[in-house]
>>> print(open('input.cif').read())   # mmCIF, C-alpha atoms and all ligand atoms
data_model
#
loop_
_atom_site.label_atom_id
_atom_site.label_comp_id
_atom_site.auth_asym_id
_atom_site.auth_seq_id
_atom_site.Cartn_x
_atom_site.Cartn_y
_atom_site.Cartn_z
CA MET H 1 18.02 152.41 214.09
CA THR H 2 21.76 152.07 214.14
CA THR H 3 23.91 149.09 214.92
CA SER H 4 27.44 149.38 216.16
CA ALA H 5 30.12 147.88 213.96
CA SER H 6 31.17 145.34 216.58
CA GLY H 7 27.52 144.37 217.22
CA ALA H 8 27.01 143.82 213.52
CA SER H 9 30.07 141.62 213.21
CA ALA H 10 29.05 139.60 216.30
CA GLU H 11 25.65 139.06 214.72
CA ALA H 12 27.30 138.03 211.47
CA ALA H 13 29.53 135.56 213.33
CA GLU H 14 26.48 134.13 215.12
CA ALA H 15 24.59 133.72 211.84
CA ASP H 16 27.65 132.11 210.31
CA LEU H 17 27.77 129.58 213.14
CA ALA H 18 24.10 128.68 212.65
CA ARG H 19 24.66 128.15 208.95
CA ALA H 20 27.79 126.10 209.61
CA GLY H 21 25.54 123.70 211.54
CA GLU H 22 23.17 123.39 208.60
CA PHE H 23 26.18 122.85 206.42
CA LEU H 24 27.35 119.92 208.55
CA GLN H 25 24.17 118.01 207.66
CA LEU H 26 25.59 117.65 204.16
CA LEU H 27 28.68 115.90 205.45
CA ARG H 28 26.83 113.47 207.73
CA ASP H 29 26.71 110.74 205.11
CA GLY H 30 30.44 110.36 205.78
CA ARG H 31 31.49 111.00 202.18
CA PRO H 32 34.50 113.26 201.85
CA ARG H 33 33.89 116.24 199.61
CA THR H 34 35.83 119.13 198.11
CA ARG H 35 34.98 122.80 198.60
CA ALA H 36 33.89 122.88 194.95
CA GLU H 37 31.48 119.96 195.47
CA LEU H 38 30.08 121.62 198.59
CA ALA H 39 29.62 124.87 196.68
CA GLN H 40 27.83 122.99 193.93
CA LEU H 41 25.59 121.09 196.38
CA THR H 42 24.56 124.21 198.27
CA GLY H 43 24.64 126.75 195.47
CA MET H 44 26.75 128.96 197.77
CA ALA H 45 29.72 131.05 196.76
CA ARG H 46 33.15 129.41 197.16
CA SER H 47 34.14 132.04 199.73
CA THR H 48 31.06 131.29 201.85
CA VAL H 49 31.78 127.56 201.69
CA ALA H 50 35.38 128.17 202.71
CA SER H 51 34.37 130.19 205.78
CA ARG H 52 31.86 127.52 206.95
CA VAL H 53 34.36 124.72 206.45
CA ASP H 54 36.82 126.74 208.52
CA THR H 55 34.26 127.13 211.32
CA LEU H 56 33.62 123.38 211.42
CA LEU H 57 37.36 122.64 211.22
CA SER H 58 38.01 124.90 214.20
CA LEU H 59 35.30 123.07 216.19
CA GLY H 60 36.82 119.73 215.20
CA TYR H 61 33.58 118.35 213.70
CA VAL H 62 35.10 118.30 210.24
CA ALA H 63 38.60 117.13 209.38
CA PRO H 64 40.75 117.13 206.26
CA PHE H 65 40.38 113.78 204.55
CA GLY H 66 43.33 111.68 203.44
CA GLY H 67 46.72 113.11 202.47
CA ALA H 68 45.11 115.62 200.19
CA SER H 69 47.34 118.54 201.11
CA SER H 70 49.00 118.12 197.73
CA THR H 71 51.17 120.77 196.20
CA GLY H 72 52.99 123.83 197.38
CA GLY H 73 51.44 124.29 200.83
CA ARG H 74 47.89 124.59 199.50
CA PRO H 75 45.19 123.92 202.08
CA PRO H 76 43.73 120.39 202.07
CA SER H 77 41.06 119.90 199.44
CA LEU H 78 38.87 117.06 200.80
CA PHE H 79 36.80 117.29 203.98
CA ALA H 80 34.67 114.84 205.92
CA LEU H 81 32.81 114.58 209.18
CA ASN H 82 35.26 113.65 211.92
CA PRO H 83 33.46 110.87 213.85
CA GLN H 84 36.02 111.04 216.67
CA ALA H 85 35.38 114.73 217.34
CA ARG H 86 33.00 113.94 220.22
CA VAL H 87 31.35 110.96 221.87
CA VAL H 88 27.75 110.29 222.88
CA VAL H 89 26.15 107.90 225.36
CA GLY H 90 23.33 105.51 224.44
CA ALA H 91 21.57 103.89 227.40
CA ASP H 92 18.95 101.15 227.15
CA LEU H 93 17.31 100.79 230.55
CA GLY H 94 15.08 97.71 230.42
CA ALA H 95 12.75 96.15 232.97
CA THR H 96 15.51 94.07 234.54
CA HIS H 97 18.76 94.94 232.74
CA ALA H 98 20.67 98.02 231.65
CA LEU H 99 23.01 98.30 228.68
CA VAL H 100 25.03 101.50 228.26
CA ALA H 101 27.40 102.31 225.41
CA LEU H 102 29.78 105.10 224.52
CA ALA H 103 29.76 105.72 220.77
CA ASP H 104 31.52 108.07 218.39
CA LEU H 105 29.61 110.39 216.05
CA GLY H 106 29.65 107.71 213.35
CA GLY H 107 27.71 105.34 215.61
CA THR H 108 30.65 103.02 216.36
CA ILE H 109 30.54 101.72 219.93
CA VAL H 110 33.85 102.38 221.68
CA ALA H 111 32.99 101.04 225.16
CA GLU H 112 29.96 99.44 226.78
CA VAL H 113 28.73 98.05 230.08
CA ARG H 114 25.86 95.73 230.95
CA GLU H 115 24.32 95.36 234.39
CA SER H 116 21.47 93.48 235.99
CA LEU H 117 19.41 96.43 237.26
CA PRO H 118 15.65 96.26 237.85
CA ILE H 119 13.98 99.50 236.76
CA ASP H 120 11.61 99.26 239.75
CA ARG H 121 14.47 100.25 242.09
CA GLY H 122 13.35 103.77 241.19
CA PRO H 123 14.86 106.73 239.35
CA GLU H 124 17.33 107.91 242.01
CA GLU H 125 19.12 104.56 242.29
CA VAL H 126 18.96 103.65 238.59
CA LEU H 127 20.08 107.07 237.34
CA ALA H 128 22.87 107.31 239.94
CA TRP H 129 24.13 103.99 238.57
CA LEU H 130 23.83 105.30 235.00
CA SER H 131 25.76 108.43 235.89
CA GLY H 132 28.55 106.30 237.37
CA ALA H 133 28.51 104.05 234.31
CA VAL H 134 28.97 107.07 232.00
CA THR H 135 31.95 108.27 234.04
CA GLY H 136 33.43 104.77 233.90
CA LEU H 137 32.95 104.46 230.13
CA LEU H 138 34.58 107.84 229.49
CA ALA H 139 37.55 106.72 231.58
CA ASP H 140 37.71 103.35 229.76
CA ALA H 141 37.80 105.14 226.42
CA GLY H 142 40.32 107.73 227.64
CA ARG H 143 38.01 110.64 226.85
CA PRO H 144 37.56 113.71 229.09
CA ALA H 145 34.00 114.59 230.14
CA SER H 146 34.28 117.67 227.89
CA ASP H 147 34.24 115.30 224.86
CA LEU H 148 30.73 114.14 225.72
CA ALA H 149 28.21 115.79 223.37
CA ALA H 150 24.85 114.30 224.43
CA ILE H 151 23.16 111.41 226.23
CA GLY H 152 20.30 109.35 224.78
CA ILE H 153 18.19 107.10 227.03
CA GLY H 154 15.50 104.53 226.33
CA LEU H 155 13.02 103.62 229.09
CA PRO H 156 10.54 100.70 229.22
CA GLY H 157 7.42 102.88 229.40
CA PRO H 158 5.74 105.95 227.89
CA VAL H 159 7.84 109.11 227.89
CA GLU H 160 6.97 112.70 227.09
CA PHE H 161 9.80 113.27 224.63
CA GLU H 162 9.90 117.07 224.90
CA THR H 163 10.61 117.00 228.64
CA GLY H 164 12.18 113.56 229.01
CA ARG H 165 9.72 112.66 231.78
CA PRO H 166 8.03 109.23 232.00
CA VAL H 167 4.21 109.35 231.90
CA SER H 168 2.40 106.85 234.17
CA PRO H 169 4.76 103.99 233.27
CA PRO H 170 3.11 100.73 234.45
CA ILE H 171 6.24 98.80 235.50
CA MET H 172 8.28 101.75 236.81
CA PRO H 173 7.16 102.77 240.32
CA GLY H 174 8.47 106.18 241.33
CA TRP H 175 9.31 107.27 237.78
CA ASP H 176 6.05 109.02 236.87
CA GLY H 177 6.91 112.62 235.94
CA PHE H 178 10.52 112.27 237.12
CA ASP H 179 12.91 114.78 235.57
CA VAL H 180 15.34 112.28 234.01
CA PRO H 181 17.39 114.87 232.03
CA GLY H 182 17.61 117.11 235.11
CA ARG H 183 19.07 114.29 237.22
CA LEU H 184 21.80 113.45 234.68
CA GLN H 185 22.57 117.11 234.07
CA ARG H 186 23.58 117.40 237.72
CA ASP H 187 26.65 115.37 236.65
CA PHE H 188 27.01 116.11 232.92
CA ASP H 189 26.42 119.48 231.32
CA VAL H 190 25.06 118.08 228.04
CA PRO H 191 21.67 117.64 226.35
CA VAL H 192 19.84 114.50 227.56
CA LEU H 193 17.19 112.93 225.31
CA VAL H 194 14.76 110.34 226.62
CA ASP H 195 12.36 108.16 224.66
CA ASN H 196 10.58 104.86 225.09
CA ASP H 197 12.50 101.66 224.40
CA VAL H 198 10.65 100.65 221.23
CA ASN H 199 11.24 104.01 219.56
CA ILE H 200 14.98 103.84 220.19
CA MET H 201 15.04 100.22 218.96
CA ALA H 202 13.44 101.37 215.70
CA LEU H 203 16.14 104.04 215.34
CA GLY H 204 18.90 101.53 216.14
CA GLU H 205 17.59 98.96 213.69
CA ARG H 206 17.34 101.52 210.92
CA LYS H 207 20.87 102.75 211.61
CA THR H 208 22.19 99.19 211.58
CA ALA H 209 20.47 97.61 208.60
CA TRP H 210 18.02 99.93 206.83
CA GLN H 211 19.68 103.34 206.43
CA ASP H 212 18.04 103.93 203.05
CA VAL H 213 14.55 102.88 204.19
CA ASP H 214 12.24 105.76 205.14
CA GLU H 215 9.14 103.65 205.98
CA LEU H 216 9.93 101.14 208.70
CA MET H 217 8.04 99.59 211.58
CA PHE H 218 9.92 97.94 214.42
CA VAL H 219 7.76 95.58 216.46
CA LYS H 220 9.04 94.50 219.86
CA VAL H 221 7.60 91.26 221.18
CA ALA H 222 8.64 90.62 224.76
CA THR H 223 6.71 91.04 228.05
CA GLY H 224 5.01 93.93 226.34
CA ILE H 225 4.29 94.41 222.66
CA GLY H 226 4.82 97.75 220.95
CA ALA H 227 5.99 99.31 217.74
CA GLY H 228 8.33 102.13 216.77
CA ILE H 229 7.15 103.78 213.58
CA ILE H 230 9.46 105.55 211.16
CA ALA H 231 7.51 107.26 208.39
CA GLY H 232 8.89 109.75 205.89
CA GLY H 233 12.31 109.05 207.42
CA ARG H 234 11.25 110.35 210.83
CA LEU H 235 10.21 108.68 214.04
CA GLN H 236 6.48 109.21 214.61
CA ARG H 237 5.70 109.71 218.29
CA GLY H 238 2.11 110.90 217.97
CA ALA H 239 0.36 113.66 219.91
CA GLN H 240 1.05 112.19 223.38
CA GLY H 241 4.01 109.96 222.53
CA THR H 242 1.95 106.77 222.45
CA ALA H 243 2.05 106.09 218.69
CA GLY H 244 2.74 102.40 218.09
CA ASP H 245 1.41 101.27 221.45
CA LEU H 246 -0.08 98.04 220.09
CA GLY H 247 -0.08 95.92 223.24
CA HIS H 248 -3.68 96.60 224.16
CA VAL H 249 -5.22 96.53 220.72
CA ARG H 250 -7.83 93.79 220.65
CA VAL H 251 -6.88 90.93 218.34
CA PRO H 252 -9.63 90.63 215.70
CA GLY H 253 -11.31 87.25 216.11
CA GLY H 254 -8.88 86.29 218.90
CA PRO H 255 -9.60 84.62 222.26
CA ASP H 256 -11.09 86.50 225.24
CA THR H 257 -8.01 86.04 227.42
CA PRO H 258 -8.12 88.54 230.33
CA CYS H 259 -5.39 91.18 230.20
CA ALA H 260 -3.56 92.97 233.04
CA CYS H 261 -5.06 96.24 231.75
CA GLY H 262 -8.59 95.09 232.66
CA ASN H 263 -9.77 94.39 229.11
CA GLU H 264 -9.93 91.08 227.29
CA GLY H 265 -8.24 89.71 224.21
CA CYS H 266 -5.45 92.32 224.02
CA LEU H 267 -2.47 91.47 221.82
CA GLU H 268 -0.25 91.36 224.91
CA ALA H 269 -2.57 88.89 226.65
CA VAL H 270 -2.37 86.40 223.77
CA ALA H 271 1.04 86.87 222.11
CA SER H 272 3.58 88.20 224.63
CA GLY H 273 6.41 86.02 225.93
CA PRO H 274 4.89 85.46 229.40
CA ALA H 275 1.44 84.81 227.87
CA LEU H 276 2.92 82.05 225.69
CA ALA H 277 4.88 80.56 228.57
CA ARG H 278 1.77 80.47 230.79
CA ARG H 279 -0.09 78.58 228.08
CA LEU H 280 2.77 76.09 228.06
CA GLY H 281 2.19 75.62 231.79
CA VAL H 282 5.43 77.35 232.82
CA ASP H 283 5.41 79.35 236.04
CA VAL H 284 7.09 82.55 234.89
CA ASP H 285 5.63 84.95 237.44
CA SER H 286 7.81 83.85 240.33
CA ALA H 287 10.95 83.39 238.19
CA ALA H 288 14.19 85.00 239.29
CA GLY H 289 15.29 87.54 236.63
CA GLY H 290 11.69 88.33 235.68
CA PRO H 291 8.94 86.64 233.63
CA GLU H 292 10.31 87.80 230.27
CA HIS H 293 13.74 86.28 230.77
CA LYS H 294 12.30 82.94 231.90
CA ALA H 295 9.67 82.90 229.15
CA SER H 296 12.08 83.56 226.30
CA LYS H 297 14.51 80.95 227.65
CA VAL H 298 11.85 78.26 227.99
CA ILE H 299 10.30 78.99 224.58
CA ALA H 300 13.67 78.97 222.82
CA GLN H 301 14.65 75.70 224.51
CA ARG H 302 11.37 73.93 223.65
CA LEU H 303 11.64 75.09 220.03
CA ARG H 304 15.19 73.70 219.85
CA ASP H 305 13.83 70.43 221.26
CA GLY H 306 11.25 70.43 218.46
CA ASP H 307 8.28 70.48 220.88
CA LEU H 308 5.24 70.55 218.57
CA GLU H 309 2.88 72.24 221.03
CA THR H 310 5.36 75.11 221.43
CA VAL H 311 5.76 75.42 217.65
CA ARG H 312 1.97 75.52 217.29
CA LEU H 313 1.54 78.18 220.01
CA VAL H 314 4.35 80.39 218.71
CA ARG H 315 2.94 80.22 215.20
CA GLU H 316 -0.53 81.06 216.53
CA ALA H 317 0.96 84.06 218.42
CA GLY H 318 2.49 85.10 215.10
CA ARG H 319 -0.93 84.99 213.46
CA HIS H 320 -2.42 87.14 216.27
CA LEU H 321 0.38 89.65 215.74
CA GLY H 322 -0.19 89.45 212.00
CA SER H 323 -3.86 90.30 212.28
CA VAL H 324 -3.06 93.51 214.17
CA LEU H 325 -0.09 94.31 211.91
CA ALA H 326 -2.24 93.85 208.78
CA SER H 327 -4.23 96.92 209.89
CA CYS H 328 -0.99 98.82 210.47
CA VAL H 329 0.16 97.90 206.95
CA SER H 330 -3.06 99.32 205.51
CA LEU H 331 -2.69 102.44 207.59
CA ILE H 332 0.97 103.37 207.13
CA ASN H 333 2.24 101.23 204.23
CA PRO H 334 5.73 100.39 205.59
CA SER H 335 8.31 98.82 203.28
CA VAL H 336 9.95 96.90 206.13
CA ILE H 337 8.55 95.39 209.33
CA VAL H 338 11.32 94.33 211.71
CA VAL H 339 10.35 91.95 214.51
CA GLY H 340 12.57 92.21 217.59
CA GLY H 341 12.45 91.65 221.33
CA SER H 342 13.11 88.48 223.27
CA VAL H 343 10.26 86.43 221.79
CA SER H 344 11.50 87.16 218.25
CA GLN H 345 14.37 84.82 219.07
CA ALA H 346 11.77 82.13 218.45
CA GLY H 347 12.53 83.19 214.89
CA GLU H 348 10.97 81.59 211.87
CA HIS H 349 7.85 80.14 213.51
CA LEU H 350 6.75 83.54 214.81
CA LEU H 351 7.61 85.22 211.51
CA ALA H 352 5.78 82.52 209.53
CA GLY H 353 2.59 83.20 211.51
CA ILE H 354 2.91 86.97 211.01
CA ARG H 355 3.58 86.64 207.27
CA GLU H 356 0.71 84.17 206.82
CA VAL H 357 -1.83 86.72 207.99
CA VAL H 358 -0.27 90.00 206.81
CA TYR H 359 0.20 88.83 203.22
CA THR H 360 -3.31 87.38 202.95
CA ARG H 361 -5.20 90.21 204.68
CA SER H 362 -3.47 93.23 203.14
CA LEU H 363 -3.98 94.63 199.68
CA PRO H 364 -1.45 93.34 197.12
CA LEU H 365 -0.10 96.83 196.42
CA ALA H 366 0.72 97.36 200.11
CA THR H 367 2.59 94.05 200.38
CA LYS H 368 4.20 94.00 196.94
CA HIS H 369 7.59 95.07 198.26
CA LEU H 370 6.93 94.59 201.99
CA ARG H 371 9.65 92.69 203.83
CA ILE H 372 8.97 91.13 207.23
CA VAL H 373 12.23 90.22 208.92
CA THR H 374 13.84 89.62 212.32
CA SER H 375 16.07 92.22 213.94
CA THR H 376 19.67 92.56 212.75
CA ALA H 377 20.80 94.77 215.63
CA GLY H 378 19.35 92.29 218.14
CA ALA H 379 20.06 93.07 221.80
CA ARG H 380 22.04 96.19 220.76
CA ALA H 381 19.13 97.84 218.86
CA GLY H 382 18.26 99.93 221.93
CA VAL H 383 21.71 101.34 222.75
CA LEU H 384 22.49 101.97 219.10
CA GLY H 385 19.21 103.86 218.73
CA ALA H 386 19.73 105.85 221.93
CA ALA H 387 23.22 106.78 220.67
CA ALA H 388 21.71 107.78 217.29
CA LEU H 389 19.15 109.98 219.06
CA ALA H 390 22.00 111.68 220.95
CA THR H 391 24.14 112.04 217.81
CA ASP H 392 21.30 113.53 215.77
CA HIS H 393 20.88 116.12 218.47
CA ALA H 394 24.62 116.75 218.88
CA LEU H 395 25.06 117.41 215.16
CA SER H 396 21.92 119.50 214.73
CA PRO H 397 22.39 123.11 213.62
CA GLY H 398 21.27 124.40 217.03
CA ALA H 399 23.77 122.25 218.90
CA ILE H 400 26.65 123.23 216.59
CA GLU H 401 25.74 126.86 217.16
CA ALA H 402 25.82 126.33 220.93
CA ALA H 403 29.14 124.46 220.71
CA GLY H 404 30.67 127.32 218.74
CA ARG H 405 29.54 129.89 221.31
CA ALA H 406 30.82 127.90 224.28
CA PRO H 407 34.30 128.72 225.56
CA ARG H 408 36.88 126.78 223.58
CA ARG H 409 37.66 123.42 225.12
CA SER H 410 41.21 122.53 225.85
CA ALA H 411 42.38 119.24 224.39
ZN ZN H 501 -4.73 94.95 227.71
#
>>> encode(input="input.cif", output="C-alpha cells")
Amino acid sequence: MTTSASGASAEAAEADLARAGEFLQLLRDGRPRTRAELAQLTGMARSTVASRVDTLLSLGYVAPFGGASSTGGRPPSLFALNPQARVVVGADLGATHALVALADLGGTIVAEVRESLPIDRGPEEVLAWLSGAVTGLLADAGRPASDLAAIGIGLPGPVEFETGRPVSPPIMPGWDGFDVPGRLQRDFDVPVLVDNDVNIMALGERKTAWQDVDELMFVKVATGIGAGIIAGGRLQRGAQGTAGDLGHVRVPGGPDTPCACGNEGCLEAVASGPALARRLGVDVDSAAGGPEHKASKVIAQRLRDGDLETVRLVREAGRHLGSVLASCVSLINPSVIVVGGSVSQAGEHLLAGIREVVYTRSLPLATKHLRIVTSTAGARAGVLGAAALATDHALSPGAIEAAGRAPRRSA
C-alpha cells in the first residue's frame, strides 16, 4: 500500500491537531508555562511541544503570557490558556424561571439574563426564548456568533445525556423525547449539551468552591429532592441517567405520608419545600409563581420570625434527609455534601438535622473528614455548571480538532 506525499502530510497535520487538543488539557489549570516546562510535563521533544503550542496559538486558545518576549526578538516564552478565546452559554431552565449566562472559557460570567418562564409552556416556546436570549447576550457582550463554542443546558427532569432528550419528565408536558440540541442547532452551529438540573448544580458548585475535591455530593432540596454525584472527579449519571434520584427513596422509619408518585413515605413527600409548607398549613398549591417559590418564602419568613413549630419541622425534615443521606455516605464515601435548592435557604436548622443523623448513623471512618455545608454558588450553581459542561466539551481534544479543521474564522 502506498500513500501519496500530500495525503501523508494531511494525515500528519490531522494527528497533530488531535494531539494539540490533548496538550491543551495541561494548560486548563490556568497556570502559565514555558515550552521547557511543557516538554518536561509531557516527556515530548522540544520541537514537538513548539509545534503544538503554535497550533493552539493559531487557534487563539493559547496566548503568550505577560511581557515575556524578552530579548532580541525571541518568541515569547510563557504560554497560558486564553479564557477570552471563545464564549459558552450556560442555561438553567427551572420549573418556573430561566437563568441564562454567557461565560468565557475560564468560567467568568460576562453577561446574564433572568426571566420568569414556566417550563410547562413546552419546548418550542421555551427554546425559542432561549435562542433569542443567547443572541441578545452575544450582542450585549459584543461577541459575534462565531465566538460561541458550545451551549450547556440544565432541565428540571431526567435527561438522556447522550442525545440531550428529556425522558418522561413529570413536570414538563410536551418535552418527552424532544430533540433539545437539534432545536438550538437550527440557530447556532455549535455542540449543545443537556443534563438534569441537579447534575449541573453539582458541577457548578464544584467549580465555584471545591475544585480540588473529587468526591462530592450536591443535594438539591426544593419542590423535588435529588442529588448530583461527583465520584473520582467525574459526574456519575448511571446507566439510564437517574443516578442520585433520591426523591422517591422511602425514608427509613419515617411517616407514611402519601406521595405524588403513588407510594408512601418518599423523601419528597416528607422533606420537600411544598411538603413542609403544607404541614405548616400554608396553601402553596394555588400560589402564583408556583408552590416552591411560595413555600421557600413562607418557610424563610417564619424562621426569621423565630416560629418554633417551623424550626421543629425544618429540623425534622433535615433528619429525614439525613437518614437517606447516611446510606449514600456508606455507599459512595463523599468528602463533601453540599445542600442547595430553595429549602436550603432555611440554612442551619436543616443542616443541623442532616448532620445529627448522618454523623450518628455512618461509620466513623466515612465521616472523619466529611463536611456537610450549604451551597456557595447558590442560585448561580446551575448556570455555572451548565457553562462548565459546555466549556469541558469546547476544550476537549475532539472539539479542538474540529475547530482546527473548520475554515478559519475572521475576527
Ligand atoms: Zn414518591
>>> residues_near_ligand(input="input.cif", ligand="ligand ZN 501 (chain H)", cutoff="10 Å", atoms="all atoms listed in the file", output="PyMOL selection string")
chain H and resi 224+246-250+257-270
>>> residues_near_point(input="input.cif", point="(6.0, 106.4, 227.4)", cutoff="7 Å", atoms="only C-alpha atoms", output="list in words")
Gly157, Pro158, Val159, Glu160, Pro166, Val167, Pro169, Asn196, Gly241 and Thr242 of chain H
>>> residues_around(input="input.cif", residues="H:Ala388", least_positions_apart="5", cutoff="10 Å", atoms="only C-alpha atoms", output="JSON, numbers by chain")
{"H": [88, 89, 90, 103, 104, 105, 106, 107, 151, 152, 200, 203, 204, 206, 207, 382, 383, 393, 394]}
>>> write_last_selection(input="input.cif", atoms="C-alpha atoms", output="PDB file, in the frame of the given file")
ATOM      1  CA  VAL H  88      27.750 110.290 222.880  1.00  0.00           C
ATOM      2  CA  VAL H  89      26.150 107.900 225.360  1.00  0.00           C
ATOM      3  CA  GLY H  90      23.330 105.510 224.440  1.00  0.00           C
ATOM      4  CA  ALA H 103      29.760 105.720 220.770  1.00  0.00           C
ATOM      5  CA  ASP H 104      31.520 108.070 218.390  1.00  0.00           C
ATOM      6  CA  LEU H 105      29.610 110.390 216.050  1.00  0.00           C
ATOM      7  CA  GLY H 106      29.650 107.710 213.350  1.00  0.00           C
ATOM      8  CA  GLY H 107      27.710 105.340 215.610  1.00  0.00           C
ATOM      9  CA  ILE H 151      23.160 111.410 226.230  1.00  0.00           C
ATOM     10  CA  GLY H 152      20.300 109.350 224.780  1.00  0.00           C
ATOM     11  CA  ILE H 200      14.980 103.840 220.190  1.00  0.00           C
ATOM     12  CA  LEU H 203      16.140 104.040 215.340  1.00  0.00           C
ATOM     13  CA  GLY H 204      18.900 101.530 216.140  1.00  0.00           C
ATOM     14  CA  ARG H 206      17.340 101.520 210.920  1.00  0.00           C
ATOM     15  CA  LYS H 207      20.870 102.750 211.610  1.00  0.00           C
ATOM     16  CA  GLY H 382      18.260  99.930 221.930  1.00  0.00           C
ATOM     17  CA  VAL H 383      21.710 101.340 222.750  1.00  0.00           C
ATOM     18  CA  HIS H 393      20.880 116.120 218.470  1.00  0.00           C
ATOM     19  CA  ALA H 394      24.620 116.750 218.880  1.00  0.00           C
TER      20      ALA H 394
END
>>> residues_around(input="input.cif", residues="H:Pro397", least_positions_apart="5", cutoff="10 Å", atoms="only C-alpha atoms", output="MDAnalysis selection string")
chainID H and resid 17:25 392 402:403
>>> write_last_selection(input="input.cif", atoms="C-alpha atoms", output="mmCIF file, in the coordinates of the input")
data_model
loop_
_atom_site.group_PDB
_atom_site.id
_atom_site.type_symbol
_atom_site.label_atom_id
_atom_site.label_comp_id
_atom_site.auth_asym_id
_atom_site.auth_seq_id
_atom_site.Cartn_x
_atom_site.Cartn_y
_atom_site.Cartn_z
ATOM 1 C CA LEU H 17 27.770 129.580 213.140
ATOM 2 C CA ALA H 18 24.100 128.680 212.650
ATOM 3 C CA ARG H 19 24.660 128.150 208.950
ATOM 4 C CA ALA H 20 27.790 126.100 209.610
ATOM 5 C CA GLY H 21 25.540 123.700 211.540
ATOM 6 C CA GLU H 22 23.170 123.390 208.600
ATOM 7 C CA PHE H 23 26.180 122.850 206.420
ATOM 8 C CA LEU H 24 27.350 119.920 208.550
ATOM 9 C CA GLN H 25 24.170 118.010 207.660
ATOM 10 C CA ASP H 392 21.300 113.530 215.770
ATOM 11 C CA ALA H 402 25.820 126.330 220.930
ATOM 12 C CA ALA H 403 29.140 124.460 220.710
#
>>> atom_distance(input="input.cif", atom1="atom CA of H:Ala141", atom2="atom CA of H:Gly378")
24.0 Å
>>> residues_near_point(input="input.cif", point="(26.2, 98.3, 227.0)", cutoff="10 Å", atoms="all atoms listed in the file", output="VMD selection string")
chain H and resid 89 to 93 97 to 102 109 111 to 115 133 137 379 to 380 382 to 384
>>> closest_atom_pairs(input="input.cif", of="stretch 12-124 of chain H", to="stretch 279-300 of chain H", cutoff="9 Å", atoms="all atoms listed in the file", output="CSV")
residue,atom,partner,partner_atom,distance
H:Ala95,CA,H:Gly290,CA,8.3
H:Thr96,CA,H:Gly289,CA,6.9
H:Ser116,CA,H:Gly289,CA,8.6
H:Pro118,CA,H:Gly289,CA,8.8
>>> closest_residue(input="input.cif", among="H:Asp245, H:Asp147, H:Glu124, H:Asp54", to="H:Arg86", atoms="only C-alpha atoms")
H:Asp147
>>> residues_around(input="input.cif", residues="H:Val311", least_positions_apart="3", cutoff="12 Å", atoms="only C-alpha atoms", output="PyMOL selection string")
chain H and resi 276+280+299-308+314-318+346-353
>>> atom_distance(input="input.cif", atom1="atom CA of H:Leu184", atom2="atom CA of H:Leu130")
8.4 Å
>>> atom_distance(input="input.cif", atom1="atom CA of H:Pro32", atom2="atom CA of H:Phe79")
5.1 Å
>>> closest_residue(input="input.cif", among="H:Ala85, H:Ile119, H:Ala222, H:Ile372", to="H:Pro173", atoms="only C-alpha atoms")
H:Ile119
